[in-house]
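Listing of final33.cif; format and content: mmCIF, C-alpha atoms and all ligand atoms.
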```
data_input
loop_
_atom_site.group_PDB
_atom_site.id
_atom_site.type_symbol
_atom_site.label_atom_id
_atom_site.label_comp_id
_atom_site.auth_asym_id
_atom_site.auth_seq_id
_atom_site.Cartn_x
_atom_site.Cartn_y
_atom_site.Cartn_z
ATOM 1 C CA MET A 482 -157.860 -49.517 -4.719
ATOM 2 C CA ALA A 483 -159.208 -47.786 -7.793
ATOM 3 C CA ASN A 484 -162.880 -48.422 -6.968
ATOM 4 C CA LEU A 485 -162.955 -46.652 -3.655
ATOM 5 C CA PRO A 486 -165.230 -43.651 -3.223
ATOM 6 C CA GLY A 487 -163.870 -40.115 -3.167
ATOM 7 C CA ARG A 488 -160.263 -39.203 -3.636
ATOM 8 C CA GLY A 489 -157.642 -39.294 -0.948
ATOM 9 C CA LYS A 490 -154.088 -38.692 -0.059
ATOM 10 C CA VAL A 491 -152.397 -40.715 2.627
ATOM 11 C CA ILE A 492 -150.461 -38.640 5.129
ATOM 12 C CA VAL A 493 -148.774 -41.361 7.168
ATOM 13 C CA GLY A 494 -145.506 -40.596 5.374
ATOM 14 C CA HIS A 495 -145.525 -37.208 7.104
ATOM 15 C CA TYR A 496 -146.597 -38.870 10.332
ATOM 16 C CA GLY A 497 -143.777 -41.441 10.205
ATOM 17 C CA LEU A 498 -141.289 -38.606 9.984
ATOM 18 C CA ALA A 499 -142.735 -37.102 13.193
ATOM 19 C CA ALA A 500 -142.177 -40.419 14.998
ATOM 20 C CA ALA A 501 -138.596 -40.678 13.675
ATOM 21 C CA VAL A 502 -137.772 -37.116 14.781
ATOM 22 C CA LYS A 503 -139.333 -37.771 18.197
ATOM 23 C CA ALA A 504 -136.876 -40.671 18.569
ATOM 24 C CA ARG A 505 -133.968 -38.225 18.250
ATOM 25 C CA GLU A 506 -135.524 -35.170 19.917
ATOM 26 C CA PRO A 507 -137.323 -36.516 22.995
ATOM 27 C CA MET A 508 -137.755 -33.023 24.493
ATOM 28 C CA VAL A 509 -140.261 -31.939 21.825
ATOM 29 C CA PRO A 510 -143.701 -33.531 22.393
ATOM 30 C CA LEU A 511 -144.906 -35.982 19.734
ATOM 31 C CA TRP A 512 -148.221 -34.112 19.268
ATOM 32 C CA LEU A 513 -146.291 -30.967 18.363
ATOM 33 C CA LEU A 514 -144.158 -32.857 15.805
ATOM 34 C CA MET A 515 -147.339 -34.392 14.370
ATOM 35 C CA LEU A 516 -148.878 -30.921 14.111
ATOM 36 C CA ALA A 517 -145.687 -29.654 12.430
ATOM 37 C CA THR A 518 -145.756 -32.420 9.767
ATOM 38 C CA VAL A 519 -149.281 -31.448 8.682
ATOM 39 C CA TRP A 520 -148.985 -27.709 9.461
ATOM 40 C CA LEU A 521 -149.142 -26.670 5.780
ATOM 41 C CA ASP A 522 -152.289 -28.783 5.289
ATOM 42 C CA VAL A 523 -153.851 -27.284 8.446
ATOM 43 C CA ILE A 524 -153.389 -23.779 7.011
ATOM 44 C CA PHE A 525 -154.565 -25.104 3.618
ATOM 45 C CA ILE A 526 -158.057 -25.837 5.077
ATOM 46 C CA PRO A 527 -159.192 -22.183 5.535
ATOM 47 C CA PHE A 528 -157.610 -21.271 2.168
ATOM 48 C CA LEU A 529 -159.618 -24.121 0.618
ATOM 49 C CA ALA A 530 -162.814 -22.994 2.378
ATOM 50 C CA ALA A 531 -162.285 -19.430 1.139
ATOM 51 C CA GLY A 532 -161.779 -20.664 -2.442
ATOM 52 C CA ILE A 533 -158.281 -19.157 -2.644
ATOM 53 C CA GLU A 534 -156.811 -22.652 -3.085
ATOM 54 C CA TRP A 535 -158.624 -25.634 -4.587
ATOM 55 C CA ILE A 536 -158.376 -29.329 -5.493
ATOM 56 C CA GLU A 537 -158.879 -30.585 -9.036
ATOM 57 C CA PRO A 538 -159.566 -34.304 -9.577
ATOM 58 C CA VAL A 539 -157.483 -35.970 -12.299
ATOM 59 C CA PRO A 540 -159.807 -37.699 -14.803
ATOM 60 C CA HIS A 541 -159.413 -41.502 -14.952
ATOM 61 C CA ALA A 542 -156.788 -41.483 -12.206
ATOM 62 C CA ALA A 543 -156.785 -43.849 -9.229
ATOM 63 C CA HIS A 544 -158.646 -42.860 -6.068
ATOM 64 C CA TYR A 545 -155.462 -42.374 -4.104
ATOM 65 C CA GLY A 546 -153.394 -39.438 -5.312
ATOM 66 C CA GLY A 547 -155.751 -38.662 -8.203
ATOM 67 C CA LEU A 548 -155.508 -34.968 -7.422
ATOM 68 C CA ILE A 549 -153.964 -31.759 -8.627
ATOM 69 C CA ILE A 550 -153.791 -29.442 -5.639
ATOM 70 C CA HIS A 551 -153.840 -25.737 -6.426
ATOM 71 C CA ALA A 552 -152.346 -24.601 -3.135
ATOM 72 C CA ASP A 553 -150.337 -21.762 -4.607
ATOM 73 C CA TYR A 554 -149.869 -19.971 -1.275
ATOM 74 C CA THR A 555 -149.633 -22.581 1.498
ATOM 75 C CA HIS A 556 -147.694 -25.061 -0.684
ATOM 76 C CA SER A 557 -145.381 -22.668 -2.518
ATOM 77 C CA LEU A 558 -141.775 -23.165 -1.368
ATOM 78 C CA VAL A 559 -141.489 -19.600 -0.054
ATOM 79 C CA GLY A 560 -144.980 -19.764 1.520
ATOM 80 C CA ALA A 561 -144.088 -23.078 3.186
ATOM 81 C CA ALA A 562 -140.866 -21.563 4.566
ATOM 82 C CA LEU A 563 -142.769 -18.550 5.981
ATOM 83 C CA LEU A 564 -145.457 -20.776 7.548
ATOM 84 C CA SER A 565 -142.735 -22.990 9.056
ATOM 85 C CA ILE A 566 -141.085 -19.943 10.627
ATOM 86 C CA ALA A 567 -144.475 -18.732 11.914
ATOM 87 C CA LEU A 568 -144.835 -22.062 13.756
ATOM 88 C CA ALA A 569 -141.183 -22.262 14.861
ATOM 89 C CA VAL A 570 -141.135 -18.865 16.625
ATOM 90 C CA PRO A 571 -143.775 -19.574 19.329
ATOM 91 C CA VAL A 572 -142.397 -23.120 19.743
ATOM 92 C CA ALA A 573 -138.893 -21.709 20.354
ATOM 93 C CA ARG A 574 -140.354 -19.490 23.085
ATOM 94 C CA ALA A 575 -141.976 -22.439 24.849
ATOM 95 C CA TRP A 576 -139.509 -25.296 24.160
ATOM 96 C CA GLY A 577 -136.271 -23.458 23.495
ATOM 97 C CA ARG A 578 -134.309 -22.509 20.394
ATOM 98 C CA ARG A 579 -133.460 -26.071 19.401
ATOM 99 C CA GLY A 580 -137.097 -27.167 19.718
ATOM 100 C CA GLY A 581 -138.157 -24.257 17.499
ATOM 101 C CA ILE A 582 -135.604 -25.125 14.808
ATOM 102 C CA VAL A 583 -136.556 -28.817 14.855
ATOM 103 C CA VAL A 584 -140.292 -28.057 14.607
ATOM 104 C CA GLY A 585 -139.690 -25.504 11.825
ATOM 105 C CA LEU A 586 -137.653 -28.022 9.804
ATOM 106 C CA VAL A 587 -140.269 -30.741 10.335
ATOM 107 C CA ALA A 588 -142.973 -28.326 9.088
ATOM 108 C CA LEU A 589 -140.869 -27.575 6.006
ATOM 109 C CA SER A 590 -140.265 -31.308 5.471
ATOM 110 C CA HIS A 591 -143.968 -31.518 4.533
ATOM 111 C CA TRP A 592 -143.174 -29.624 1.344
ATOM 112 C CA MET A 593 -140.178 -31.887 0.597
ATOM 113 C CA LEU A 594 -142.284 -35.056 0.988
ATOM 114 C CA ASP A 595 -145.148 -33.516 -1.013
ATOM 115 C CA LEU A 596 -142.598 -32.729 -3.742
ATOM 116 C CA VAL A 597 -142.067 -36.474 -4.245
ATOM 117 C CA VAL A 598 -145.739 -37.361 -4.699
ATOM 118 C CA HIS A 599 -147.493 -34.223 -6.028
ATOM 119 C CA ARG A 600 -148.322 -33.964 -9.727
ATOM 120 C CA ASN A 601 -146.270 -30.913 -10.755
ATOM 121 C CA ASP A 602 -148.487 -28.527 -8.809
ATOM 122 C CA LEU A 603 -146.057 -26.992 -6.267
ATOM 123 C CA PRO A 604 -144.981 -23.412 -7.085
ATOM 124 C CA LEU A 605 -141.812 -21.749 -5.804
ATOM 125 C CA LEU A 606 -143.327 -18.314 -5.071
ATOM 126 C CA PRO A 607 -146.649 -17.522 -3.311
ATOM 127 C CA GLY A 608 -149.466 -17.129 -5.825
ATOM 128 C CA ASN A 609 -147.064 -18.579 -8.411
ATOM 129 C CA VAL A 610 -145.821 -15.057 -9.124
ATOM 130 C CA GLY A 611 -143.915 -14.866 -12.411
ATOM 131 C CA ASP A 612 -145.551 -18.108 -13.673
ATOM 132 C CA LEU A 613 -142.428 -20.134 -12.930
ATOM 133 C CA PRO A 614 -142.589 -23.882 -13.631
ATOM 134 C CA LYS A 615 -144.408 -25.827 -10.893
ATOM 135 C CA LEU A 616 -142.685 -28.768 -9.235
ATOM 136 C CA GLY A 617 -143.588 -32.336 -8.242
ATOM 137 C CA PHE A 618 -142.194 -35.770 -9.116
ATOM 138 C CA ALA A 619 -145.756 -37.133 -9.486
ATOM 139 C CA LEU A 620 -145.292 -40.420 -7.665
ATOM 140 C CA TRP A 621 -149.098 -40.299 -7.170
ATOM 141 C CA ALA A 622 -149.339 -41.340 -10.819
ATOM 142 C CA LYS A 623 -147.981 -44.702 -9.567
ATOM 143 C CA PRO A 624 -150.278 -45.154 -6.532
ATOM 144 C CA ASP A 625 -148.892 -48.546 -5.461
ATOM 145 C CA MET A 626 -145.359 -47.141 -5.280
ATOM 146 C CA ALA A 627 -146.506 -43.981 -3.497
ATOM 147 C CA ILE A 628 -148.509 -45.942 -0.894
ATOM 148 C CA GLY A 629 -145.561 -48.338 -0.480
ATOM 149 C CA LEU A 630 -143.211 -45.424 0.150
ATOM 150 C CA GLU A 631 -145.576 -43.865 2.692
ATOM 151 C CA ILE A 632 -145.987 -47.120 4.598
ATOM 152 C CA LEU A 633 -142.202 -47.631 4.530
ATOM 153 C CA ILE A 634 -141.514 -44.176 6.039
ATOM 154 C CA PHE A 635 -144.309 -44.778 8.572
ATOM 155 C CA ALA A 636 -142.928 -48.196 9.599
ATOM 156 C CA ALA A 637 -139.346 -46.864 9.842
ATOM 157 C CA GLY A 638 -140.570 -43.937 11.974
ATOM 158 C CA ILE A 639 -142.508 -46.153 14.383
ATOM 159 C CA TYR A 640 -139.541 -48.546 14.616
ATOM 160 C CA ALA A 641 -137.123 -45.688 15.435
ATOM 161 C CA TYR A 642 -139.621 -44.339 17.974
ATOM 162 C CA TRP A 643 -140.060 -47.756 19.642
ATOM 163 C CA GLN A 644 -136.275 -48.275 19.821
ATOM 164 C CA ALA A 645 -135.666 -44.844 21.330
ATOM 165 C CA ALA A 646 -138.512 -45.271 23.827
ATOM 166 C CA SER A 647 -137.144 -48.678 24.878
ATOM 167 C CA LYS A 648 -133.691 -47.163 25.422
ATOM 168 C CA VAL A 649 -135.158 -44.423 27.616
ATOM 169 C CA ALA A 650 -137.091 -47.032 29.607
ATOM 170 C CA LEU A 651 -133.950 -49.171 30.094
ATOM 171 C CA ALA A 652 -131.823 -46.160 31.129
ATOM 172 C CA ALA A 653 -134.482 -45.111 33.635
ATOM 173 C CA GLY A 654 -134.592 -48.653 34.981
ATOM 174 C CA VAL A 655 -138.322 -48.973 34.371
ATOM 175 C CA SER A 656 -140.157 -51.704 32.521
ATOM 176 C CA ARG A 657 -140.234 -51.560 28.741
ATOM 177 C CA TYR A 658 -143.997 -51.865 28.948
ATOM 178 C CA LEU A 659 -144.447 -48.081 28.779
ATOM 179 C CA ALA A 660 -142.228 -47.843 25.680
ATOM 180 C CA VAL A 661 -144.123 -50.615 23.929
ATOM 181 C CA ARG A 662 -147.415 -49.005 24.902
ATOM 182 C CA SER A 663 -146.515 -45.552 23.537
ATOM 183 C CA ALA A 664 -145.047 -47.021 20.317
ATOM 184 C CA PHE A 665 -148.256 -49.029 19.922
ATOM 185 C CA LYS A 666 -150.329 -45.881 20.397
ATOM 186 C CA ALA A 667 -148.307 -44.088 17.683
ATOM 187 C CA PHE A 668 -148.711 -47.130 15.421
ATOM 188 C CA PHE A 669 -152.445 -47.320 16.107
ATOM 189 C CA PHE A 670 -153.111 -43.690 15.147
ATOM 190 C CA GLY A 671 -151.012 -44.031 11.989
ATOM 191 C CA ALA A 672 -152.793 -47.244 10.998
ATOM 192 C CA LEU A 673 -156.122 -45.501 11.623
ATOM 193 C CA ILE A 674 -155.092 -42.700 9.240
ATOM 194 C CA ILE A 675 -154.194 -45.277 6.553
ATOM 195 C CA ILE A 676 -157.567 -47.037 6.925
ATOM 196 C CA LEU A 677 -159.562 -43.784 6.886
ATOM 197 C CA ASP A 678 -157.671 -42.582 3.818
ATOM 198 C CA LEU A 679 -157.781 -45.777 1.778
ATOM 199 C CA THR A 680 -161.489 -46.258 2.473
ATOM 200 C CA GLY A 681 -162.196 -42.674 1.448
ATOM 201 C CA LEU A 682 -163.745 -41.819 4.829
ATOM 202 C CA ALA A 683 -161.265 -38.961 5.229
ATOM 203 C CA GLY A 684 -159.583 -36.815 2.659
HETATM 204 ZN ZN ZN A 701 -149.670 -30.916 1.787
#
```

What does this structure look like when you write it as structure tokens?
Amino acid sequence: MANLPGRGKVIVGHYGLAAAVKAREPMVPLWLLMLATVWLDVIFIPFLAAGIEWIEPVPHAAHYGGLIIHADYTHSLVGAALLSIALAVPVARAWGRRGGIVVGLVALSHWMLDLVVHRNDLPLLPGNVGDLPKLGFALWAKPDMAIGLEILIFAAGIYAYWQAASKVALAAGVSRYLAVRSAFKAFFFGALIIILDLTGLAG
């Protein structure tokens, strides 16, 4: 995997979590949970374009995870909490209080999962005020383990989603075909993300 062009980070770990939460919270649409899992990265894009946040390649590191991400605002713990609340409030209006809380927690979970893989580049306060130590367990330094973990979370999420969808189908007395079809769709999009990432076609 080291010879692939560009540098990437797989996001199916985040995606798998969306599928797992959907299994338990069927009222919140899957697309909204998927948006919530990558919400911090969505906001990161304009910050990146404006040069406020940036990505630094790690010399001699593997293609996957060979990055130090200077996202001192969107990926600071306090910044992530504020962005999660900013997403949760309109969701609560449309899908109810519980939906808002679930979506807010899923958005914040992005930071928790990033904490496992990032290379000590996650600050606590926006702009890394006070120069406090940055956090990250740097699993990206062991790409095989990091990819394995992502695929594991992804597979567990799709499995939970498929099981929950089958249960709903059984309870409603309809064929399981619909459940299998929607689980397959979720699997397909996740697998597509893995392929795009590992081939370097998408960041
Ligand atoms: Zn991120």

**OP:** Using the chain letters and residue numbers of this document, give as an MDAnalysis selection string the residues selected by the PyMOL selection byres (((not hetatm)) within 6 of (chain A and resi 701)).
**Re:** chainID A and resid 521:522 595

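Residues with any atom within 6 Å of A:Ser557, counting all atoms listed in the file and excluding same-chain neighbours fewer than 5 positions away, are Leu603, Pro604, Leu605, Leu606 and Pro607 of chain A.
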
Non-local contacts of stretch 526-541 of chain A (7 Å; only C-alpha atoms; under 4 positions in same chain excluded) as an mmCIF file with C-alpha atoms, in the coordinates of the input:
```cif
data_model
loop_
_atom_site.group_PDB
_atom_site.id
_atom_site.type_symbol
_atom_site.label_atom_id
_atom_site.label_comp_id
_atom_site.auth_asym_id
_atom_site.auth_seq_id
_atom_site.Cartn_x
_atom_site.Cartn_y
_atom_site.Cartn_z
ATOM 1 C CA ASP A 522 -152.289 -28.783 5.289
ATOM 2 C CA GLY A 547 -155.751 -38.662 -8.203
ATOM 3 C CA LEU A 548 -155.508 -34.968 -7.422
ATOM 4 C CA ILE A 549 -153.964 -31.759 -8.627
ATOM 5 C CA ILE A 550 -153.791 -29.442 -5.639
ATOM 6 C CA HIS A 551 -153.840 -25.737 -6.426
ATOM 7 C CA ALA A 552 -152.346 -24.601 -3.135
ATOM 8 C CA ASP A 553 -150.337 -21.762 -4.607
#
```

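Take the candidates A:Pro510, A:Gly494, A:Lys648, A:Ala641 and check each one against A:Ala575 using all atoms listed in the file; the shortest distance goes to A:Pro510.
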
Could you work out an axis-aligned bounding box for all listed atoms of stretch 660-672 of chain A, with 5 Å added on each of the six sides, and give its centre and edge lengths in Å to one decimal, as lines of an AutoDock Vina configuration file?
```
center_x = -147.7
center_y = -47.2
center_z = 18.3
size_x = 20.9
size_y = 16.9
size_z = 24.7
```

Subject >> Which residue of A:Ala667, A:Val610, A:Ala543, A:Leu558 approaches A:His591 most closely, using all atoms listed in the file >> reply: A:Leu558

**OP:** Between A:Ala650, A:Lys623, A:Leu498, A:Leu564, single out the one closest to A:Leu511, counting all atoms listed in the file.
**Re:** A:Leu498

Subject >> A:Arg578 surroundings by all atoms listed in the file, 9 Å radius, close-in-sequence under 6 positions cut, as an MDAnalysis selection string >> reply: chainID A and resid 569:570 572
